[in-house]
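Okay, structure first, notes after.
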Amino acid sequence: MSAPELIRIVSRDSPMALAQVERVRAELAALHPTTATEVVPVKTTGDKWMGDLAQVEGKGAFTKEVDQALLAGEADLAVHCVKDIPADRPLPAGTTFAAFLERDDIRDALIHPDGLQLDQLPAGSRIGTSSVRRIAQLAASHPHLECVPMRGNANRRLEKLAAGEADALLLAVSGLERIDRTDVITEILSPEVMCPPIGAGILALQCREGDTALIDAVSPLGHPATYRETTAERMFLHVLQGHCNSPIAGYAQVERNGELSLRAKVFTPDGKTVLNAHEWAGPLDPATLGTSVAVSLLRQGARELIDGIAH
């Protein structure tokens with residue numbers, strides 16, 4: 001297989017995003033030793049804006065500038081966190097996914113300066129997070145805790161914690177692994193305690209549709225099980241048509257025997273209503289599984305719940 005002599009990789013310019021690019025570069029170097037790679041960092045609207053994401057087009061705020069660089073020919077390959085890619089609308093015209101890398105840890109971690117675990121936190125403890133998914137689940141399971149808005153990259157949030165702006169943080173385990181800060185983790189929360197976001201722990205490689213040589217060159221980096229999980233999860237989110245203020249959580253999982261399942265939840269922001277669905281694919285393809293789980297939640301009233309949340 002012939003690969004391009006140079007692949008320009010565009011990504012957000014945060015430390016975590018650039019660490020993700022280094023993983024891609026290493027895997028490409030192992031696959032195509034003679035191909036050079038160059039990083040094209042861009043600052044996205046989501047990285048510049050520290051307020052409510054709903055005011056700057058939600059999750060698309062983390063991908064728009066990256067997509068624009070790809071479509072303008074300023075780069076050849078984009079690296080995205082799947083959880084940041086909107087699923088309620090198609091990819092920008094002219095682009096396609098070339099691969100989904102093997103999935104990293106999907107769980108959330110608690111960081112507490114004194115080493116307390118989630119169940120040990122005293123009433124009124126301030127948890128730094130702006131995730132509506134985390135806020136709703138904490139409201140349901142630990143209503144005595146208080147969530148305080150906190151955005152910015154993981155290193156910046158750790159600085160804010162050290163400065164006393166919160167008593168504890170919730171961050172993704174995979175993100176802390178990527179920036180080599182697992183030393184700060186107090187407790188790793190199981191998906192049963194804190195259900196992850198759709199696309200958690202997955203990196204996507206995106207190309208222009210016409211770049212067939214590049215697509216052929218990078219597609220071997222794709223992980224088959226992760227592809228199935230991602231397809232199910234993104235179809236689920238697409239059918240639900242959730243927005244950035246919708247507390248939606250879920251994850252698909254391929255078992256050792258190859259069986260695929262999808263567990264998903266929709267919450268009210270106060271955590272008082274929780275809709276649950278969990279199905280096995282059986283003979284269904286991943287996209288049909290995602291549709292089936294979404295329909296199950298819609299039958300429980302998910303449409304009214306999502307549409308009733310301001311955005």
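In the structure tokens, each chain is lettered A, B, ... as it comes, each chain's residues begin at 1, and ligands are numbered from 1 in order of appearance.
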Name the residues in contact with A:Ala30 at a cut-off of 12 Å, using only C-alpha atoms, excluding same-chain residues fewer than 5 positions from it; report them as a CSV table (one decimal) with C-alpha atoms, in the first residue's frame.
```
chain,number,residue,atom,x,y,z
A,23,ARG,CA,-0.8,8.9,19.4
A,24,VAL,CA,-2.0,9.1,15.8
A,25,ARG,CA,1.4,10.1,14.6
A,35,THR,CA,5.5,9.0,5.6
A,36,ALA,CA,6.2,12.3,7.4
A,218,VAL,CA,-5.0,5.5,7.4
A,220,PRO,CA,-5.9,0.2,8.8
A,221,LEU,CA,-5.6,2.2,12.1
```
How close does each residue of stretch 94-151 of chain A get to stretch 197-203 of chain A, giving the shortest atom pair and distance in Å to one decimal for every residue with an atom at most 9 Å away, counting only C-alpha atoms, sorted by chain and residue number, as a Markdown table?
```
| residue | atom | partner | partner_atom | distance |
| --- | --- | --- | --- | --- |
| A:Ala99 | CA | A:Leu203 | CA | 8.5 |
| A:Phe100 | CA | A:Leu203 | CA | 5.8 |
| A:Leu101 | CA | A:Leu203 | CA | 5.6 |
| A:Glu102 | CA | A:Ile202 | CA | 7.0 |
| A:Arg103 | CA | A:Ile202 | CA | 4.9 |
| A:Asp104 | CA | A:Gly201 | CA | 4.6 |
| A:Asp105 | CA | A:Gly201 | CA | 5.6 |
| A:Ile106 | CA | A:Ala200 | CA | 5.1 |
| A:Arg107 | CA | A:Ala200 | CA | 8.0 |
| A:Arg133 | CA | A:Pro197 | CA | 7.3 |
```
Same residues, C-alpha atoms, saved as an mmCIF file, in the first residue's frame:
```
data_model
loop_
_atom_site.group_PDB
_atom_site.id
_atom_site.type_symbol
_atom_site.label_atom_id
_atom_site.label_comp_id
_atom_site.auth_asym_id
_atom_site.auth_seq_id
_atom_site.Cartn_x
_atom_site.Cartn_y
_atom_site.Cartn_z
ATOM 1 C CA ALA A 99 -11.054 5.241 11.032
ATOM 2 C CA PHE A 100 -11.982 5.012 14.696
ATOM 3 C CA LEU A 101 -8.968 4.142 16.849
ATOM 4 C CA GLU A 102 -9.194 1.483 19.535
ATOM 5 C CA ARG A 103 -11.272 2.834 22.375
ATOM 6 C CA ASP A 104 -9.674 4.130 25.569
ATOM 7 C CA ASP A 105 -11.196 4.084 29.062
ATOM 8 C CA ILE A 106 -14.805 5.326 29.036
ATOM 9 C CA ARG A 107 -15.043 6.069 32.768
ATOM 10 C CA ARG A 133 -24.599 14.704 31.924
#
```
(request) Determine, counting only C-alpha atoms, which protein, DNA and RNA residues have an atom within 8 Å of an atom of A:Ala168; residues of the same chain fewer than 5 positions away are not included. Present the result as a PyMOL selection string. (result) chain A and resi 110-113+125-128+161
Keeping only all heavy atoms, take the residues you just selected and write them out as a PDB file, in the first residue's frame.
```
ATOM      1  N   LEU A 110     -12.894  10.886  39.831  1.00  0.00           N
ATOM      2  CA  LEU A 110     -13.025  11.938  40.838  1.00  0.00           C
ATOM      3  C   LEU A 110     -11.630  12.341  41.278  1.00  0.00           C
ATOM      4  O   LEU A 110     -10.773  11.492  41.514  1.00  0.00           O
ATOM      5  CB  LEU A 110     -13.823  11.432  42.038  1.00  0.00           C
ATOM      6  CG  LEU A 110     -13.978  12.447  43.182  1.00  0.00           C
ATOM      7  CD1 LEU A 110     -15.031  13.491  42.822  1.00  0.00           C
ATOM      8  CD2 LEU A 110     -14.357  11.750  44.489  1.00  0.00           C
ATOM      9  N   ILE A 111     -11.420  13.649  41.371  1.00  0.00           N
ATOM     10  CA  ILE A 111     -10.161  14.177  41.890  1.00  0.00           C
ATOM     11  C   ILE A 111     -10.485  14.992  43.130  1.00  0.00           C
ATOM     12  O   ILE A 111     -11.241  15.971  43.061  1.00  0.00           O
ATOM     13  CB  ILE A 111      -9.435  15.063  40.845  1.00  0.00           C
ATOM     14  CG1 ILE A 111      -9.023  14.226  39.627  1.00  0.00           C
ATOM     15  CG2 ILE A 111      -8.209  15.713  41.447  1.00  0.00           C
ATOM     16  CD1 ILE A 111     -10.000  14.278  38.493  1.00  0.00           C
ATOM     17  N   HIS A 112      -9.946  14.575  44.269  1.00  0.00           N
ATOM     18  CA  HIS A 112     -10.157  15.299  45.523  1.00  0.00           C
ATOM     19  C   HIS A 112      -8.809  15.495  46.205  1.00  0.00           C
ATOM     20  O   HIS A 112      -8.066  14.520  46.394  1.00  0.00           O
ATOM     21  CB  HIS A 112     -11.112  14.535  46.447  1.00  0.00           C
ATOM     22  CG  HIS A 112     -11.516  15.307  47.660  1.00  0.00           C
ATOM     23  ND1 HIS A 112     -10.737  15.378  48.794  1.00  0.00           N
ATOM     24  CD2 HIS A 112     -12.603  16.085  47.913  1.00  0.00           C
ATOM     25  CE1 HIS A 112     -11.336  16.153  49.695  1.00  0.00           C
ATOM     26  NE2 HIS A 112     -12.470  16.591  49.182  1.00  0.00           N
ATOM     27  N   PRO A 113      -8.455  16.718  46.569  1.00  0.00           N
ATOM     28  CA  PRO A 113      -7.117  16.987  47.124  1.00  0.00           C
ATOM     29  C   PRO A 113      -6.775  16.163  48.356  1.00  0.00           C
ATOM     30  O   PRO A 113      -5.608  15.847  48.587  1.00  0.00           O
ATOM     31  CB  PRO A 113      -7.172  18.489  47.449  1.00  0.00           C
ATOM     32  CG  PRO A 113      -8.238  19.038  46.557  1.00  0.00           C
ATOM     33  CD  PRO A 113      -9.245  17.949  46.425  1.00  0.00           C
ATOM     34  N   SER A 125     -20.303  19.955  49.395  1.00  0.00           N
ATOM     35  CA  SER A 125     -19.042  19.933  48.649  1.00  0.00           C
ATOM     36  C   SER A 125     -19.285  20.406  47.221  1.00  0.00           C
ATOM     37  O   SER A 125     -20.264  20.029  46.587  1.00  0.00           O
ATOM     38  CB  SER A 125     -18.460  18.521  48.630  1.00  0.00           C
ATOM     39  OG  SER A 125     -18.077  18.117  49.928  1.00  0.00           O
ATOM     40  N   ARG A 126     -18.372  21.224  46.719  1.00  0.00           N
ATOM     41  CA  ARG A 126     -18.519  21.800  45.387  1.00  0.00           C
ATOM     42  C   ARG A 126     -17.753  20.948  44.365  1.00  0.00           C
ATOM     43  O   ARG A 126     -16.541  20.805  44.469  1.00  0.00           O
ATOM     44  CB  ARG A 126     -17.987  23.234  45.364  1.00  0.00           C
ATOM     45  CG  ARG A 126     -18.717  24.192  46.318  1.00  0.00           C
ATOM     46  CD  ARG A 126     -17.887  25.452  46.512  1.00  0.00           C
ATOM     47  NE  ARG A 126     -16.573  25.126  47.065  1.00  0.00           N
ATOM     48  CZ  ARG A 126     -15.470  25.882  46.880  1.00  0.00           C
ATOM     49  NH1 ARG A 126     -15.536  26.996  46.162  1.00  0.00           N
ATOM     50  NH2 ARG A 126     -14.329  25.511  47.412  1.00  0.00           N
ATOM     51  N   ILE A 127     -18.499  20.434  43.391  1.00  0.00           N
ATOM     52  CA  ILE A 127     -17.896  19.605  42.349  1.00  0.00           C
ATOM     53  C   ILE A 127     -17.752  20.455  41.094  1.00  0.00           C
ATOM     54  O   ILE A 127     -18.741  20.957  40.551  1.00  0.00           O
ATOM     55  CB  ILE A 127     -18.768  18.371  42.032  1.00  0.00           C
ATOM     56  CG1 ILE A 127     -19.182  17.663  43.317  1.00  0.00           C
ATOM     57  CG2 ILE A 127     -18.020  17.431  41.094  1.00  0.00           C
ATOM     58  CD1 ILE A 127     -18.046  17.155  44.148  1.00  0.00           C
ATOM     59  N   GLY A 128     -16.539  20.592  40.605  1.00  0.00           N
ATOM     60  CA  GLY A 128     -16.299  21.404  39.418  1.00  0.00           C
ATOM     61  C   GLY A 128     -16.602  20.631  38.143  1.00  0.00           C
ATOM     62  O   GLY A 128     -15.906  19.687  37.807  1.00  0.00           O
ATOM     63  N   LEU A 161      -8.935  23.870  40.672  1.00  0.00           N
ATOM     64  CA  LEU A 161      -9.152  23.081  41.890  1.00  0.00           C
ATOM     65  C   LEU A 161      -8.117  23.455  42.945  1.00  0.00           C
ATOM     66  O   LEU A 161      -8.463  23.675  44.117  1.00  0.00           O
ATOM     67  CB  LEU A 161      -9.065  21.586  41.561  1.00  0.00           C
ATOM     68  CG  LEU A 161      -9.159  20.621  42.752  1.00  0.00           C
ATOM     69  CD1 LEU A 161     -10.548  20.686  43.390  1.00  0.00           C
ATOM     70  CD2 LEU A 161      -8.849  19.187  42.304  1.00  0.00           C
TER      71      LEU A 161
END
```
(message) To test your reading of the structure, identify every residue in stretch 38-183 of chain A that backbone DSSP assigns to helix (DSSP H, G or I), and report it as JSON, numbers by chain.
(response) {"A": [45, 46, 47, 48, 53, 54, 55, 56, 58, 59, 60, 61, 62, 64, 65, 66, 67, 68, 69, 70, 71, 82, 83, 84, 118, 119, 120, 132, 133, 134, 135, 136, 137, 138, 139, 140, 141, 154, 155, 156, 157, 158, 159, 160, 161, 162, 173, 174, 175, 176, 177, 178, 182, 183]}
(request) Could you give me, as a list in words, the residues within 10 Å of A:Ser141, counting only C-alpha atoms and dropping anything in the same chain fewer than 2 positions from it? (result) Asp119, Ala136, Gln137, Leu138, Ala139, Pro143, His144, Leu145, Val193, Met194, Gly271 and Lys272 of chain A
Dump of all heavy atoms for the selected residues, as a PDB file, in the first residue's frame:
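Below you can see result_31.pdb, which holds the result:
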```pdb
ATOM      1  N   ASP A 119     -18.595   8.929  47.655  1.00  0.00           N
ATOM      2  CA  ASP A 119     -19.556   8.671  48.734  1.00  0.00           C
ATOM      3  C   ASP A 119     -19.115   9.247  50.075  1.00  0.00           C
ATOM      4  O   ASP A 119     -19.901   9.256  51.032  1.00  0.00           O
ATOM      5  CB  ASP A 119     -19.802   7.163  48.880  1.00  0.00           C
ATOM      6  CG  ASP A 119     -20.598   6.592  47.724  1.00  0.00           C
ATOM      7  OD1 ASP A 119     -21.252   7.368  47.000  1.00  0.00           O
ATOM      8  OD2 ASP A 119     -20.552   5.357  47.513  1.00  0.00           O
ATOM      9  N   ALA A 136     -26.633  16.073  36.070  1.00  0.00           N
ATOM     10  CA  ALA A 136     -27.896  15.356  36.249  1.00  0.00           C
ATOM     11  C   ALA A 136     -27.697  14.074  37.040  1.00  0.00           C
ATOM     12  O   ALA A 136     -28.506  13.747  37.927  1.00  0.00           O
ATOM     13  CB  ALA A 136     -28.508  15.044  34.885  1.00  0.00           C
ATOM     14  N   GLN A 137     -26.623  13.358  36.750  1.00  0.00           N
ATOM     15  CA  GLN A 137     -26.402  12.090  37.459  1.00  0.00           C
ATOM     16  C   GLN A 137     -26.030  12.320  38.920  1.00  0.00           C
ATOM     17  O   GLN A 137     -26.457  11.569  39.799  1.00  0.00           O
ATOM     18  CB  GLN A 137     -25.333  11.271  36.743  1.00  0.00           C
ATOM     19  CG  GLN A 137     -25.815  10.779  35.387  1.00  0.00           C
ATOM     20  CD  GLN A 137     -24.831   9.846  34.713  1.00  0.00           C
ATOM     21  OE1 GLN A 137     -24.697   8.683  35.084  1.00  0.00           O
ATOM     22  NE2 GLN A 137     -24.132  10.357  33.704  1.00  0.00           N
ATOM     23  N   LEU A 138     -25.253  13.355  39.195  1.00  0.00           N
ATOM     24  CA  LEU A 138     -24.946  13.671  40.586  1.00  0.00           C
ATOM     25  C   LEU A 138     -26.193  14.129  41.336  1.00  0.00           C
ATOM     26  O   LEU A 138     -26.385  13.806  42.508  1.00  0.00           O
ATOM     27  CB  LEU A 138     -23.865  14.755  40.666  1.00  0.00           C
ATOM     28  CG  LEU A 138     -22.426  14.306  40.430  1.00  0.00           C
ATOM     29  CD1 LEU A 138     -21.495  15.509  40.489  1.00  0.00           C
ATOM     30  CD2 LEU A 138     -21.998  13.257  41.461  1.00  0.00           C
ATOM     31  N   ALA A 139     -27.050  14.888  40.647  1.00  0.00           N
ATOM     32  CA  ALA A 139     -28.297  15.332  41.284  1.00  0.00           C
ATOM     33  C   ALA A 139     -29.164  14.143  41.657  1.00  0.00           C
ATOM     34  O   ALA A 139     -29.862  14.160  42.682  1.00  0.00           O
ATOM     35  CB  ALA A 139     -29.057  16.267  40.345  1.00  0.00           C
ATOM     36  N   PRO A 143     -27.575  14.139  45.789  1.00  0.00           N
ATOM     37  CA  PRO A 143     -28.212  15.466  45.772  1.00  0.00           C
ATOM     38  C   PRO A 143     -27.662  16.437  46.810  1.00  0.00           C
ATOM     39  O   PRO A 143     -27.914  17.642  46.719  1.00  0.00           O
ATOM     40  CB  PRO A 143     -29.693  15.153  46.037  1.00  0.00           C
ATOM     41  CG  PRO A 143     -29.682  13.819  46.736  1.00  0.00           C
ATOM     42  CD  PRO A 143     -28.534  13.073  46.151  1.00  0.00           C
ATOM     43  N   HIS A 144     -26.895  15.933  47.759  1.00  0.00           N
ATOM     44  CA  HIS A 144     -26.330  16.804  48.800  1.00  0.00           C
ATOM     45  C   HIS A 144     -25.076  17.531  48.332  1.00  0.00           C
ATOM     46  O   HIS A 144     -24.561  18.400  49.033  1.00  0.00           O
ATOM     47  CB  HIS A 144     -25.999  15.985  50.055  1.00  0.00           C
ATOM     48  CG  HIS A 144     -25.043  14.863  49.804  1.00  0.00           C
ATOM     49  ND1 HIS A 144     -25.415  13.724  49.133  1.00  0.00           N
ATOM     50  CD2 HIS A 144     -23.728  14.714  50.129  1.00  0.00           C
ATOM     51  CE1 HIS A 144     -24.360  12.905  49.046  1.00  0.00           C
ATOM     52  NE2 HIS A 144     -23.334  13.477  49.626  1.00  0.00           N
ATOM     53  N   LEU A 145     -24.597  17.191  47.132  1.00  0.00           N
ATOM     54  CA  LEU A 145     -23.419  17.852  46.583  1.00  0.00           C
ATOM     55  C   LEU A 145     -23.829  19.006  45.670  1.00  0.00           C
ATOM     56  O   LEU A 145     -24.919  19.001  45.113  1.00  0.00           O
ATOM     57  CB  LEU A 145     -22.556  16.851  45.813  1.00  0.00           C
ATOM     58  CG  LEU A 145     -22.092  15.622  46.593  1.00  0.00           C
ATOM     59  CD1 LEU A 145     -21.256  14.710  45.707  1.00  0.00           C
ATOM     60  CD2 LEU A 145     -21.306  16.028  47.842  1.00  0.00           C
ATOM     61  N   VAL A 193     -22.208   4.019  38.109  1.00  0.00           N
ATOM     62  CA  VAL A 193     -22.261   5.185  38.987  1.00  0.00           C
ATOM     63  C   VAL A 193     -22.332   6.476  38.164  1.00  0.00           C
ATOM     64  O   VAL A 193     -23.090   7.392  38.485  1.00  0.00           O
ATOM     65  CB  VAL A 193     -21.035   5.225  39.921  1.00  0.00           C
ATOM     66  CG1 VAL A 193     -20.986   6.533  40.715  1.00  0.00           C
ATOM     67  CG2 VAL A 193     -21.058   4.031  40.875  1.00  0.00           C
ATOM     68  N   MET A 194     -21.533   6.556  37.100  1.00  0.00           N
ATOM     69  CA  MET A 194     -21.503   7.751  36.248  1.00  0.00           C
ATOM     70  C   MET A 194     -21.453   7.279  34.796  1.00  0.00           C
ATOM     71  O   MET A 194     -20.398   6.954  34.267  1.00  0.00           O
ATOM     72  CB  MET A 194     -20.286   8.620  36.581  1.00  0.00           C
ATOM     73  CG  MET A 194     -20.205   9.918  35.813  1.00  0.00           C
ATOM     74  SD  MET A 194     -21.597  11.054  36.082  1.00  0.00           S
ATOM     75  CE  MET A 194     -21.447  11.408  37.836  1.00  0.00           C
ATOM     76  N   GLY A 271     -32.107  15.551  37.563  1.00  0.00           N
ATOM     77  CA  GLY A 271     -31.893  14.149  37.903  1.00  0.00           C
ATOM     78  C   GLY A 271     -33.097  13.431  38.468  1.00  0.00           C
ATOM     79  O   GLY A 271     -33.018  12.249  38.814  1.00  0.00           O
ATOM     80  N   LYS A 272     -34.251  14.102  38.520  1.00  0.00           N
ATOM     81  CA  LYS A 272     -35.419  13.480  39.153  1.00  0.00           C
ATOM     82  C   LYS A 272     -36.115  12.478  38.235  1.00  0.00           C
ATOM     83  O   LYS A 272     -36.850  11.607  38.705  1.00  0.00           O
ATOM     84  CB  LYS A 272     -36.394  14.566  39.621  1.00  0.00           C
ATOM     85  CG  LYS A 272     -35.841  15.382  40.779  1.00  0.00           C
ATOM     86  CD  LYS A 272     -36.820  16.438  41.262  1.00  0.00           C
ATOM     87  CE  LYS A 272     -36.228  17.208  42.437  1.00  0.00           C
ATOM     88  NZ  LYS A 272     -37.144  18.295  42.900  1.00  0.00           N
TER      89      LYS A 272
END
```
(message) Neighbouring residues of stretch 296-308 of chain A were defined as those with any atom within 7 Å, considering only C-alpha atoms; residues of the same chain fewer than 5 positions away were excluded. Please report them as number ranges by chain.
(response) A: 242, 246, 266, 268, 275-277
(message) If we count only C-alpha atoms and set the cut-off at 7 Å, which residues sit around A:Ala3, ignoring sequence neighbours fewer than 6 positions away in its own chain? Please answer as a list in words.
(response)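 Contacts, in chain order: His32, Thr35, Ala213, Leu214 and Ala217 of chain A.
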(request) Determine the nearest neighbour of A:Leu18 from the options A:Ala172, A:Ile179, A:Leu71, A:Ile135, counting only C-alpha atoms. (result)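 Nearest to A:Leu18: A:Ile179.
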(request) Pick out each residue of stretch 64-287 of chain A that DSSP on the backbone tags as strand (DSSP E or B); I need them as a VMD selection string. (result) chain A and resid 77 to 81 95 to 100 108 to 111 126 to 128 146 to 148 168 to 172 187 to 189 203 to 208 248 to 254 260 to 267 274 to 280
(request) Using atom CA of A:Leu289 and atom CA of A:Glu192 as the two end points, give the distance in Å to one decimal. (result)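 So the two atoms, atom CA of A:Leu289 and atom CA of A:Glu192, lie 20.5 Å apart.
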Please build the interface table for stretch 271-292 of chain A against stretch 251-260 of chain A with a cut-off of 8 Å, listing for each qualifying residue the nearest atom pair and the distance in Å to one decimal; count only C-alpha atoms, order rows by chain and increasing number, and write it as a Markdown table.
```
| residue | atom | partner | partner_atom | distance |
| --- | --- | --- | --- | --- |
| A:Trp280 | CA | A:Leu260 | CA | 5.9 |
| A:Ala281 | CA | A:Leu260 | CA | 5.5 |
| A:Gly282 | CA | A:Glu259 | CA | 7.0 |
| A:Pro286 | CA | A:Leu260 | CA | 7.7 |
```
(message) Could you tell me how far atom CA of A:Ile309 sits from atom CA of A:Val274, in Å to one decimal place?
(response)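 We find that atom CA of A:Val274 and atom CA of A:Ile309 lie 14.2 Å from each other.
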(message) Report as a PyMOL selection string all protein, DNA and RNA residues lying within 8 Å of stretch 81-95 of chain A, evaluated on only C-alpha atoms, omitting residues in the same chain fewer than 2 positions from it.
(response) chain A and resi 59-60+62-63+67+71+79+97+197-204+206-210+234-235+237-243
Keeping C-alpha atoms, export the residues of the selection given above as a PDB file, in the first residue's frame.
```pdb
ATOM      1  CA  LYS A  59     -20.623  20.797  20.653  1.00  0.00           C
ATOM      2  CA  GLY A  60     -19.970  21.944  17.104  1.00  0.00           C
ATOM      3  CA  PHE A  62     -15.106  22.152  19.242  1.00  0.00           C
ATOM      4  CA  THR A  63     -15.036  20.910  15.645  1.00  0.00           C
ATOM      5  CA  ASP A  67     -13.441  20.949   9.781  1.00  0.00           C
ATOM      6  CA  LEU A  71     -12.107  21.453   3.770  1.00  0.00           C
ATOM      7  CA  VAL A  79      -8.280  14.095  14.703  1.00  0.00           C
ATOM      8  CA  PHE A  97     -14.604   9.158   8.770  1.00  0.00           C
ATOM      9  CA  PRO A 197     -21.058  10.412  27.233  1.00  0.00           C
ATOM     10  CA  ILE A 198     -21.744   9.026  23.784  1.00  0.00           C
ATOM     11  CA  GLY A 199     -18.409   8.470  22.059  1.00  0.00           C
ATOM     12  CA  ALA A 200     -16.352   8.429  25.264  1.00  0.00           C
ATOM     13  CA  GLY A 201     -12.708   7.471  24.831  1.00  0.00           C
ATOM     14  CA  ILE A 202     -12.803   7.252  21.026  1.00  0.00           C
ATOM     15  CA  LEU A 203     -10.623   9.153  18.572  1.00  0.00           C
ATOM     16  CA  ALA A 204     -11.889   9.588  15.015  1.00  0.00           C
ATOM     17  CA  GLN A 206     -11.628  12.386   9.363  1.00  0.00           C
ATOM     18  CA  CYS A 207     -10.579  12.999   5.726  1.00  0.00           C
ATOM     19  CA  ARG A 208     -11.918  14.680   2.628  1.00  0.00           C
ATOM     20  CA  GLU A 209     -14.090  12.224   0.712  1.00  0.00           C
ATOM     21  CA  GLY A 210     -12.017  12.446  -2.448  1.00  0.00           C
ATOM     22  CA  ARG A 234     -23.897   7.822  17.139  1.00  0.00           C
ATOM     23  CA  MET A 235     -27.019   6.449  15.474  1.00  0.00           C
ATOM     24  CA  LEU A 237     -27.827  10.053  19.452  1.00  0.00           C
ATOM     25  CA  HIS A 238     -28.827  10.969  15.894  1.00  0.00           C
ATOM     26  CA  VAL A 239     -32.303   9.472  16.308  1.00  0.00           C
ATOM     27  CA  LEU A 240     -32.789  11.198  19.672  1.00  0.00           C
ATOM     28  CA  GLN A 241     -31.700  14.568  18.194  1.00  0.00           C
ATOM     29  CA  GLY A 242     -30.347  15.702  21.530  1.00  0.00           C
ATOM     30  CA  HIS A 243     -28.798  19.163  21.948  1.00  0.00           C
TER      31      HIS A 243
END
```
